[in-house]
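Here is query.txt, consisting of compact mmCIF, C-alpha atoms:
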# COMPACT_ATOMS: atom_id res chain seq x y z
CA MET A 1 11.80 -60.40 -13.87
CA ASN A 2 11.32 -57.97 -16.71
CA THR A 3 7.93 -56.84 -15.30
CA GLN A 4 9.49 -56.29 -11.88
CA SER A 5 12.23 -54.18 -13.41
CA ASN A 6 9.65 -52.07 -15.25
CA ARG A 7 7.71 -51.53 -12.03
CA ASP A 8 10.88 -50.38 -10.26
CA ARG A 9 11.59 -47.99 -13.08
CA TRP A 10 8.16 -46.40 -12.81
CA LYS A 11 8.48 -46.21 -9.01
CA ILE A 12 11.43 -43.87 -9.57
CA LEU A 13 10.14 -42.10 -12.63
CA ILE A 14 6.66 -41.17 -11.39
CA PRO A 15 7.85 -39.24 -8.30
CA ALA A 16 10.55 -37.62 -10.44
CA LEU A 17 7.94 -36.48 -12.98
CA VAL A 18 5.66 -35.23 -10.19
CA MET A 19 8.56 -33.22 -8.78
CA LEU A 20 9.27 -31.89 -12.25
CA CYS A 21 5.69 -30.72 -12.70
CA LEU A 22 5.68 -29.11 -9.24
CA SER A 23 8.97 -27.36 -9.90
CA TRP A 24 7.38 -25.67 -12.92
CA ALA A 25 3.98 -25.02 -11.42
CA LEU A 26 5.05 -23.52 -8.09
CA PRO A 27 7.22 -20.69 -9.40
CA LEU A 28 4.56 -19.81 -11.94
CA ARG A 29 1.91 -19.65 -9.26
CA ALA A 30 4.15 -17.49 -7.08
CA GLU A 31 4.90 -15.10 -9.91
CA VAL A 32 3.03 -11.83 -9.66
CA PRO A 33 0.90 -11.29 -12.76
CA LYS A 34 2.02 -8.42 -14.94
CA ALA A 35 0.07 -5.25 -14.30
CA GLN A 36 -2.83 -4.92 -16.67
CA ILE A 37 -1.50 -1.70 -18.02
CA TYR A 38 -1.14 -1.05 -21.72
CA ASN A 39 2.04 0.82 -22.46
CA PRO A 40 1.67 2.91 -25.60
CA GLY A 41 5.31 3.99 -25.47
CA LYS A 42 6.39 7.61 -25.58
CA LEU A 43 3.67 9.78 -27.08
CA LYS A 44 3.68 13.26 -28.58
CA ALA A 45 3.77 15.52 -25.51
CA THR A 46 0.61 17.43 -26.44
CA ASP A 47 -1.64 17.00 -29.42
CA SER A 48 -4.30 19.70 -29.22
CA GLY A 49 -4.57 23.42 -28.76
CA THR A 50 -6.89 24.82 -26.16
CA LYS A 51 -8.29 28.23 -26.91
CA LEU A 52 -9.24 28.68 -23.29
CA LYS A 53 -7.08 30.93 -21.19
CA VAL A 54 -6.84 31.99 -17.58
CA GLY A 55 -9.59 34.51 -16.86
CA ASP A 56 -12.12 32.89 -19.24
CA SER A 57 -15.40 31.49 -18.03
CA ALA A 58 -15.16 27.71 -17.73
CA PRO A 59 -17.50 25.98 -20.20
CA ASP A 60 -20.28 24.21 -18.35
CA PHE A 61 -20.89 20.50 -18.80
CA GLN A 62 -22.83 17.61 -17.42
CA LEU A 63 -21.38 14.10 -17.41
CA PRO A 64 -22.35 10.73 -15.95
CA SER A 65 -20.30 9.66 -12.96
CA LEU A 66 -19.31 6.23 -11.68
CA SER A 67 -21.84 6.54 -8.88
CA GLY A 68 -24.61 6.73 -11.47
CA LYS A 69 -25.36 10.41 -10.83
CA LYS A 70 -24.84 13.11 -13.42
CA VAL A 71 -22.46 15.84 -12.38
CA SER A 72 -22.61 19.41 -13.68
CA LEU A 73 -19.88 21.98 -13.30
CA SER A 74 -22.48 24.67 -12.61
CA THR A 75 -23.54 22.81 -9.42
CA TYR A 76 -20.39 24.12 -7.77
CA ARG A 77 -20.82 27.74 -8.87
CA GLY A 78 -20.71 29.99 -5.82
CA LYS A 79 -19.97 27.03 -3.52
CA LYS A 80 -16.67 25.35 -4.33
CA ASN A 81 -13.52 25.82 -6.34
CA VAL A 82 -13.17 23.04 -8.87
CA VAL A 83 -10.11 21.18 -10.12
CA ILE A 84 -10.71 19.24 -13.32
CA SER A 85 -8.24 16.47 -14.04
CA PHE A 86 -8.48 15.17 -17.59
CA VAL A 87 -6.53 11.94 -18.05
CA PRO A 88 -5.80 10.40 -21.45
CA ALA A 89 -7.20 6.89 -21.04
CA ALA A 90 -7.81 4.10 -18.59
CA TRP A 91 -5.27 1.28 -18.27
CA THR A 92 -2.34 3.41 -19.36
CA PRO A 93 0.82 4.43 -17.49
CA VAL A 94 0.92 7.64 -15.44
CA CYS A 95 -2.92 7.89 -15.47
CA SER A 96 -3.06 4.75 -13.37
CA GLN A 97 -1.06 6.53 -10.64
CA GLN A 98 -2.18 10.14 -10.98
CA TRP A 99 -5.60 9.70 -9.40
CA PRO A 100 -4.35 7.41 -6.60
CA GLY A 101 -1.96 10.26 -5.78
CA TYR A 102 -4.83 12.74 -5.59
CA ASN A 103 -6.77 10.20 -3.59
CA ILE A 104 -4.37 10.54 -0.64
CA ALA A 105 -4.23 14.33 -0.94
CA GLN A 106 -7.87 15.00 -0.14
CA ASP A 107 -6.89 17.44 2.60
CA LEU A 108 -5.07 19.60 0.04
CA PHE A 109 -8.33 20.09 -1.86
CA GLU A 110 -10.48 20.52 1.23
CA LYS A 111 -8.08 23.06 2.70
CA ASN A 112 -8.60 25.15 -0.42
CA ASP A 113 -12.36 24.63 -0.49
CA ALA A 114 -12.01 22.74 -3.75
CA VAL A 115 -13.52 19.63 -5.26
CA LEU A 116 -11.78 17.44 -7.78
CA LEU A 117 -13.49 16.07 -10.88
CA GLY A 118 -11.67 13.29 -12.71
CA ILE A 119 -12.61 13.05 -16.37
CA SER A 120 -11.70 10.40 -18.92
CA VAL A 121 -13.06 9.65 -22.38
CA ASP A 122 -13.60 6.01 -21.38
CA ASN A 123 -17.02 4.52 -20.81
CA ILE A 124 -18.44 3.82 -17.35
CA PRO A 125 -17.78 0.03 -17.24
CA THR A 126 -14.15 0.61 -18.22
CA LEU A 127 -13.74 3.33 -15.61
CA TYR A 128 -15.38 1.12 -13.02
CA ALA A 129 -12.97 -1.76 -13.66
CA TRP A 130 -9.97 0.54 -13.89
CA THR A 131 -10.57 2.57 -10.75
CA LYS A 132 -11.49 -0.44 -8.61
CA ASP A 133 -7.83 -1.06 -7.76
CA MET A 134 -7.16 2.57 -6.87
CA GLY A 135 -8.73 2.31 -3.47
CA LYS A 136 -11.96 4.10 -2.69
CA LEU A 137 -11.75 7.37 -4.61
CA TRP A 138 -13.19 10.31 -2.71
CA PHE A 139 -13.83 12.39 -5.85
CA PRO A 140 -16.28 11.85 -8.71
CA VAL A 141 -14.97 10.08 -11.79
CA LEU A 142 -16.80 11.27 -14.89
CA SER A 143 -17.15 9.59 -18.25
CA ASP A 144 -16.76 11.77 -21.32
CA PHE A 145 -17.38 8.79 -23.56
CA TRP A 146 -20.49 9.80 -25.46
CA PRO A 147 -20.71 11.98 -27.46
CA HIS A 148 -17.08 10.96 -27.53
CA GLY A 149 -14.81 13.46 -25.82
CA LYS A 150 -17.37 16.28 -26.09
CA VAL A 151 -16.22 17.97 -22.88
CA ALA A 152 -12.52 17.41 -23.65
CA ALA A 153 -13.13 19.05 -27.04
CA LYS A 154 -14.97 21.94 -25.37
CA TYR A 155 -11.91 22.49 -23.21
CA GLY A 156 -9.62 22.07 -26.22
CA VAL A 157 -7.86 19.01 -24.84
CA LEU A 158 -9.09 16.23 -27.13
CA ARG A 159 -6.16 14.65 -28.93
CA SER A 160 -6.31 13.56 -32.55
CA ASP A 161 -6.48 9.87 -31.53
CA GLY A 162 -9.62 10.40 -29.42
CA THR A 163 -7.88 10.34 -26.05
CA ALA A 164 -7.63 13.43 -23.86
CA GLU A 165 -4.60 15.40 -22.85
CA ARG A 166 -3.24 15.06 -19.35
CA ALA A 167 -4.66 18.41 -18.34
CA LEU A 168 -5.55 20.29 -15.17
CA PHE A 169 -7.93 23.22 -14.91
CA ILE A 170 -8.58 25.17 -11.73
CA ILE A 171 -11.89 26.99 -11.74
CA ASP A 172 -12.81 29.38 -8.96
CA LYS A 173 -16.19 29.71 -7.27
CA LYS A 174 -17.27 32.30 -9.83
CA GLY A 175 -16.69 29.82 -12.63
CA ILE A 176 -13.54 31.58 -13.88
CA ILE A 177 -10.53 29.56 -15.01
CA ARG A 178 -7.58 30.37 -12.74
CA TYR A 179 -5.02 27.83 -13.93
CA ILE A 180 -4.47 25.67 -17.00
CA ASP A 181 -1.84 22.97 -17.32
CA VAL A 182 -1.93 20.93 -20.50
CA HIS A 183 0.86 18.68 -19.40
CA ASP A 184 3.24 16.45 -21.32
CA ILE A 185 1.10 13.31 -21.61
CA ASN A 186 4.07 11.11 -20.67
CA VAL A 187 4.84 12.90 -17.42
CA MET A 188 3.10 13.12 -14.07
CA PRO A 189 2.11 16.70 -13.16
CA ARG A 190 3.70 17.55 -9.81
CA LEU A 191 1.34 17.77 -6.90
CA ASP A 192 3.44 20.64 -5.52
CA THR A 193 2.49 22.84 -8.50
CA LEU A 194 -1.19 22.10 -8.08
CA ALA A 195 -0.93 22.86 -4.36
CA LYS A 196 0.73 26.22 -5.05
CA GLU A 197 -1.92 27.15 -7.61
CA LEU A 198 -4.72 26.21 -5.23
CA GLU A 199 -3.14 28.39 -2.54
CA LYS A 200 -3.42 31.37 -4.90
CA LEU A 201 -7.23 31.16 -5.05
CA PRO A 202 -9.05 33.93 -3.22
CA LYS A 203 -9.94 32.82 0.29
CA MET B 1 18.68 -48.95 -12.68
CA ASN B 2 19.16 -49.40 -16.41
CA LYS B 3 20.50 -46.82 -18.84
CA LEU B 4 17.11 -45.57 -19.98
CA THR B 5 15.92 -44.97 -16.42
CA ARG B 6 19.10 -43.09 -15.56
CA LEU B 7 18.82 -41.00 -18.71
CA LEU B 8 15.22 -40.09 -17.96
CA LEU B 9 16.09 -39.23 -14.37
CA CYS B 10 18.92 -36.98 -15.49
CA LEU B 11 16.58 -35.27 -17.91
CA ALA B 12 13.95 -34.78 -15.18
CA VAL B 13 16.50 -33.30 -12.78
CA SER B 14 17.90 -30.98 -15.46
CA LEU B 15 14.44 -29.74 -16.42
CA ALA B 16 13.48 -29.30 -12.76
CA THR B 17 16.32 -26.85 -12.27
CA LEU B 18 15.41 -24.78 -15.34
CA PRO B 19 12.55 -22.62 -14.03
CA PRO B 20 14.55 -21.11 -11.14
CA VAL B 21 17.41 -20.38 -13.53
CA ALA B 22 15.04 -18.74 -16.00
CA MET B 23 13.43 -16.75 -13.22
CA ALA B 24 16.79 -15.67 -11.85
CA ALA B 25 17.59 -14.12 -15.21
CA ASN B 26 14.45 -12.01 -14.83
CA SER B 27 14.83 -11.13 -11.18
CA LEU B 28 15.86 -7.81 -9.71
CA THR B 29 19.53 -7.48 -8.94
CA VAL B 30 20.88 -4.61 -6.89
CA ASN B 31 24.29 -3.07 -7.42
CA ALA B 32 25.73 -2.51 -3.95
CA GLN B 33 28.32 -0.04 -5.19
CA ALA B 34 25.81 2.21 -6.96
CA LEU B 35 23.56 1.95 -3.91
CA SER B 36 26.34 2.98 -1.54
CA GLN B 37 27.34 5.99 -3.62
CA THR B 38 23.92 7.54 -4.12
CA HIS B 39 23.40 10.82 -2.31
CA LEU B 40 20.05 11.32 -0.65
CA PRO B 41 18.78 14.42 1.13
CA ILE B 42 19.29 14.50 4.90
CA PRO B 43 15.81 14.68 6.47
CA ALA B 44 14.85 18.12 7.73
CA ASP B 45 13.12 16.54 10.72
CA ALA B 46 15.43 16.28 13.75
CA ALA B 47 13.86 13.04 15.00
CA ALA B 48 14.39 11.40 11.61
CA ARG B 49 18.01 12.57 11.55
CA SER B 50 18.59 11.26 15.04
CA TYR B 51 17.01 7.87 14.18
CA LEU B 52 19.38 7.51 11.22
CA GLY B 53 22.35 8.83 13.19
CA LEU B 54 22.85 11.74 10.82
CA SER B 55 23.47 15.39 11.49
CA GLY B 56 23.46 18.68 9.64
CA SER B 57 21.93 19.28 6.25
CA GLY B 58 22.77 18.45 2.67
CA SER B 59 23.04 14.86 1.59
CA PHE B 60 24.01 11.48 2.96
CA THR B 61 24.82 8.05 1.61
CA LEU B 62 23.41 4.80 2.97
CA PRO B 63 26.70 3.58 4.53
CA GLN B 64 26.53 6.68 6.77
CA VAL B 65 23.34 5.48 8.45
CA LYS B 66 24.24 4.29 11.94
CA THR B 67 22.85 0.79 12.02
CA ASP B 68 23.87 -2.83 11.50
CA ILE B 69 20.96 -3.62 9.25
CA LEU B 70 19.06 -1.18 7.08
CA VAL B 71 15.74 -1.93 5.43
CA VAL B 72 15.19 0.35 2.45
CA GLU B 73 11.64 0.65 1.19
CA VAL B 74 11.45 2.00 -2.35
CA PHE B 75 8.00 3.50 -2.75
CA ASN B 76 6.13 6.06 -4.79
CA MET B 77 3.51 8.35 -3.35
CA TYR B 78 1.29 7.83 -6.42
CA CYS B 79 1.52 4.04 -6.32
CA PRO B 80 -1.71 2.47 -5.00
CA TYR B 81 0.16 -0.70 -3.97
CA CYS B 82 2.54 1.37 -1.81
CA GLN B 83 -0.46 3.13 -0.31
CA ALA B 84 -2.16 -0.17 0.47
CA ASP B 85 1.09 -1.52 1.94
CA ALA B 86 1.81 1.52 4.14
CA PRO B 87 0.03 0.20 7.27
CA LYS B 88 1.99 -3.06 7.00
CA VAL B 89 5.30 -1.23 6.69
CA ASN B 90 4.35 0.83 9.74
CA LYS B 91 3.72 -2.47 11.51
CA LEU B 92 7.18 -3.67 10.49
CA TYR B 93 8.65 -0.54 12.04
CA ALA B 94 6.58 -1.12 15.20
CA LEU B 95 7.94 -4.68 15.46
CA MET B 96 11.48 -3.36 15.14
CA ALA B 97 10.88 -0.68 17.75
CA LYS B 98 9.27 -3.17 20.16
CA HIS B 99 12.05 -5.71 19.92
CA ARG B 100 14.85 -4.47 22.21
CA GLN B 101 17.75 -5.91 20.22
CA SER B 102 16.29 -5.07 16.83
CA LYS B 103 15.64 -1.50 17.89
CA GLN B 104 19.39 -1.00 18.19
CA ARG B 105 20.43 -3.08 15.19
CA ILE B 106 17.80 -2.53 12.51
CA LYS B 107 16.61 0.72 10.95
CA ILE B 108 14.18 1.41 8.16
CA LEU B 109 14.23 4.16 5.57
CA GLY B 110 11.70 4.89 2.82
CA ILE B 111 12.83 6.41 -0.47
CA GLY B 112 10.15 8.03 -2.64
CA ILE B 113 11.36 7.31 -6.15
CA GLY B 114 10.44 10.11 -8.53
CA ASN B 115 8.72 12.01 -5.73
CA THR B 116 9.24 15.59 -4.63
CA PRO B 117 9.70 16.43 -0.93
CA TYR B 118 6.09 17.69 -0.92
CA GLU B 119 4.76 14.42 -2.37
CA VAL B 120 6.74 12.37 0.14
CA ASP B 121 5.32 14.52 2.90
CA VAL B 122 1.76 13.94 1.66
CA PHE B 123 2.42 10.19 1.86
CA ARG B 124 3.98 10.48 5.32
CA ARG B 125 1.09 12.51 6.72
CA ARG B 126 -1.63 10.44 5.08
CA PHE B 127 -0.31 7.15 6.46
CA LYS B 128 1.25 8.53 9.64
CA VAL B 129 4.58 6.96 8.68
CA PRO B 130 6.72 6.91 11.85
CA PHE B 131 10.10 6.26 10.20
CA PRO B 132 12.13 8.55 7.91
CA LEU B 133 11.08 9.00 4.30
CA VAL B 134 13.27 10.84 1.83
CA PRO B 135 12.55 11.94 -1.73
CA ASP B 136 14.48 10.85 -4.79
CA GLU B 137 13.10 13.46 -7.13
CA LYS B 138 15.28 12.58 -10.11
CA SER B 139 14.88 8.83 -9.64
CA GLU B 140 18.63 8.47 -9.10
CA ILE B 141 18.13 5.11 -7.42
CA ARG B 142 17.15 3.62 -10.77
CA ARG B 143 20.90 3.14 -11.19
CA TRP B 144 20.88 0.58 -8.40
CA VAL B 145 18.99 -2.04 -10.34
CA ASN B 146 19.00 -4.00 -13.57
CA LYS B 147 15.36 -3.29 -14.43
CA PRO B 148 12.75 -0.69 -13.45
CA PHE B 149 11.77 -0.78 -9.80
CA ARG B 150 8.41 -2.27 -9.07
CA THR B 151 7.09 -0.33 -6.10
CA PRO B 152 7.12 -1.11 -3.29
CA THR B 153 10.45 -2.95 -3.18
CA PHE B 154 12.34 -3.74 0.02
CA ILE B 155 16.12 -4.06 0.08
CA VAL B 156 17.73 -5.33 3.26
CA LEU B 157 21.33 -4.23 3.75
CA LYS B 158 23.88 -5.35 6.30
CA LYS B 159 26.91 -3.35 7.24
CA GLY B 160 30.17 -5.22 6.86
CA LYS B 161 33.77 -4.22 7.39
CA GLY B 162 34.52 -0.57 6.78
CA SER B 163 30.79 0.24 6.57
CA ALA B 164 30.52 -1.65 3.26
CA LEU B 165 26.92 -2.61 2.61
CA GLN B 166 25.96 -6.13 1.68
CA ILE B 167 22.67 -6.87 -0.01
CA MET B 168 21.02 -9.46 2.20
CA LYS B 169 17.52 -9.63 0.80
CA VAL B 170 15.42 -8.10 -1.95
CA HIS B 171 11.65 -8.29 -1.79
CA GLU B 172 9.60 -6.96 -4.69
CA GLY B 173 5.98 -6.08 -4.09
CA GLN B 174 3.82 -5.70 -1.01
CA LEU B 175 4.71 -7.31 2.31
CA GLU B 176 2.32 -10.18 2.72
CA HIS B 177 3.70 -11.55 5.97
CA VAL B 178 5.13 -8.74 8.08
CA ARG B 179 6.01 -10.96 11.03
CA ARG B 180 7.78 -13.47 8.83
CA PHE B 181 9.68 -10.67 7.09
CA PHE B 182 10.68 -9.19 10.44
CA ASP B 183 11.81 -12.59 11.75
CA SER B 184 13.95 -13.17 8.69
CA ILE B 185 15.79 -9.87 9.06
CA SER B 186 16.09 -9.98 12.84
CA ARG B 187 18.03 -13.25 12.47
CA MET B 188 20.58 -11.71 10.11

Could I get this file's structure written as structure tokens?
Amino acid sequence: MNTQSNRDRWKILIPALVMLCLSWALPLRAEVPKAQIYNPGKLKATDSGTKLKVGDSAPDFQLPSLSGKKVSLSTYRGKKNVVISFVPAAWTPVCSQQWPGYNIAQDLFEKNDAVLLGISVDNIPTLYAWTKDMGKLWFPVLSDFWPHGKVAAKYGVLRSDGTAERALFIIDKKGIIRYIDVHDINVMPRLDTLAKELEKLPK
Amino acid sequence: MNKLTRLLLCLAVSLATLPPVAMAANSLTVNAQALSQTHLPIPADAAARSYLGLSGSGSFTLPQVKTDILVVEVFNMYCPYCQADAPKVNKLYALMAKHRQSKQRIKILGIGIGNTPYEVDVFRRRFKVPFPLVPDEKSEIRRWVNKPFRTPTFIVLKKGKGSALQIMKVHEGQLEHVRRFFDSISRM
């Protein structure tokens, strides 16, 4: 009698426990994983001082790109205007949206006979993993990892913690700097401003 | 059923209800009053104005949109998830336009949170968005919700008495099943 009663108890308890487990597991499975973005909080707006100014010759550089090729600024001399977008670091807020924004504005660059070079002080594997979710980027992504931040330092936009400023440089076909925006690192530079500055380039 | 069995069952049922409660505490809630009072720019495009039943220039509020049901897509031009979702949202619009009854009853409006008019226009052109998109440059719509918007987010509103808007559905993240989403709102 006692054995029968125990069996009955388990007949009720086992399905109840299964339901309990499912009730926990299903919502967890349906929950979207948190974005893999490290939030450093609000940072000092700018933390460097570029000596470069509009009208200066843009310092040349050569950096490895995600595609495996090395990219030199001088390659574009006499052929294309160049926009350089320095971003502080992979896997951080704002940066993770800035390039996807440029990625859907390809026509803005093409219309102004310009190429975009995205530069970060991260290494190639990090940039590869980070940019994978941005969709297929039409512009080269360059790694200024080693010697660490050499190009960022050349442009005066290497911050004291080894990251780069959120900075934009427009360089014309003669290799002359036409626009510099060392932006507040916490804030997205407006695409409108970049578009207006590109429109000012000699046609 | 003896006492122990009943106790264990009660415990199991109580625990089973906990996760949804805990999740509800973390879920996005939308303040209908704040939503109804927010002023948004009237689209410059005549076709967009006509679709929303608006006229003139300046600003409008959501209760002014001439529709029974309004789907609001909160997006950001820079957000790769919104970009990836754009073709699906266009498909949602196409389903609404194709369905005779829905065409009259349901409208869709995209709001570019933190975006300038130029940025919204880049998004519209890039993805050939056929429905109105308006910018919310100062991210005013942040006041609608209890936590930061995760873009894209879809808020389905139904007009009640005196044009009061009721929140019928909130969907955070990309639309995985467009047809299912459309069916759920077309039945409202």

Between A:Leu66, A:Leu43, A:Ala152, A:Ile170, which is the closest to Thr131 in chain A once you count all atoms listed in the file?
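The closest residue to Thr131 in chain A is A:Leu66.
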
For CA of Leu127 in chain A and CA of Phe145 in chain A, determine how far apart the two atoms are, in Å to one decimal place.
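Taking CA of Leu127 in chain A and CA of Phe145 in chain A, their separation equals 10.3 Å.
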
What is the distance between CA of Gln37 in chain B and CA of Phe60 in chain B, in Å to one decimal?
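It comes out at 9.2 Å.
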
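Proximity to chain A was assessed for B:Leu52, B:Leu62, B:Val74, B:Cys82 counting all atoms listed in the file; the smallest distance is recorded for B:Cys82.
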
Can you work out the spacing between CA of Thr163 in chain A and CA of Gly175 in chain A in Å, to one decimal?
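These two atoms are separated by 25.2 Å.
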
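Proximity to Asn76 in chain B was assessed for A:Thr193, A:Asn112, A:Ser143, A:Gln97 counting only C-alpha atoms; the smallest distance is recorded for A:Gln97.
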
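When only C-alpha atoms are used to compute distances to Tyr102 in chain A, the closest of the residues B:Tyr51, B:Tyr81, B:Phe123, B:Phe154 turns out to be B:Phe123.
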
Could you give me, as a VMD selection string, the residues within 12 Å of Asp183 in chain B, counting all atoms listed in the file and dropping anything in the same chain fewer than 6 positions from it?
chain B and resid 92 95 to 96 99 102 106 177

Those same residues, written as a PDB file, keeping the file's coordinate frame with C-alpha atoms?
ATOM      1  CA  LEU B  92       7.180  -3.670  10.490  1.00  0.00           C
ATOM      2  CA  LEU B  95       7.940  -4.680  15.460  1.00  0.00           C
ATOM      3  CA  MET B  96      11.480  -3.360  15.140  1.00  0.00           C
ATOM      4  CA  HIS B  99      12.050  -5.710  19.920  1.00  0.00           C
ATOM      5  CA  SER B 102      16.290  -5.070  16.830  1.00  0.00           C
ATOM      6  CA  ILE B 106      17.800  -2.530  12.510  1.00  0.00           C
ATOM      7  CA  HIS B 177       3.700 -11.550   5.970  1.00  0.00           C
TER       8      HIS B 177
END

Between B:Gly58, B:Pro80, B:Pro63, B:Pro117, which residue has the minimum interatomic distance to chain A, considering all atoms listed in the file?
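Among B:Gly58, B:Pro80, B:Pro63, B:Pro117, it is B:Pro80 that comes nearest to chain A.
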
Up to 9 Å from (-17.9, 32.2, -5.0) in the file's coordinates: name the residues, counting only C-alpha atoms, as an mmCIF file with C-alpha atoms, in the coordinates of the input.
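And here is the file that came out, point-v2.cif:
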data_model
loop_
_atom_site.group_PDB
_atom_site.id
_atom_site.type_symbol
_atom_site.label_atom_id
_atom_site.label_comp_id
_atom_site.auth_asym_id
_atom_site.auth_seq_id
_atom_site.Cartn_x
_atom_site.Cartn_y
_atom_site.Cartn_z
ATOM 1 C CA TYR A 76 -20.390 24.120 -7.770
ATOM 2 C CA ARG A 77 -20.820 27.740 -8.870
ATOM 3 C CA GLY A 78 -20.710 29.990 -5.820
ATOM 4 C CA LYS A 79 -19.970 27.030 -3.520
ATOM 5 C CA LYS A 80 -16.670 25.350 -4.330
ATOM 6 C CA ASN A 81 -13.520 25.820 -6.340
ATOM 7 C CA ASP A 172 -12.810 29.380 -8.960
ATOM 8 C CA LYS A 173 -16.190 29.710 -7.270
ATOM 9 C CA LYS A 174 -17.270 32.300 -9.830
ATOM 10 C CA GLY A 175 -16.690 29.820 -12.630
#
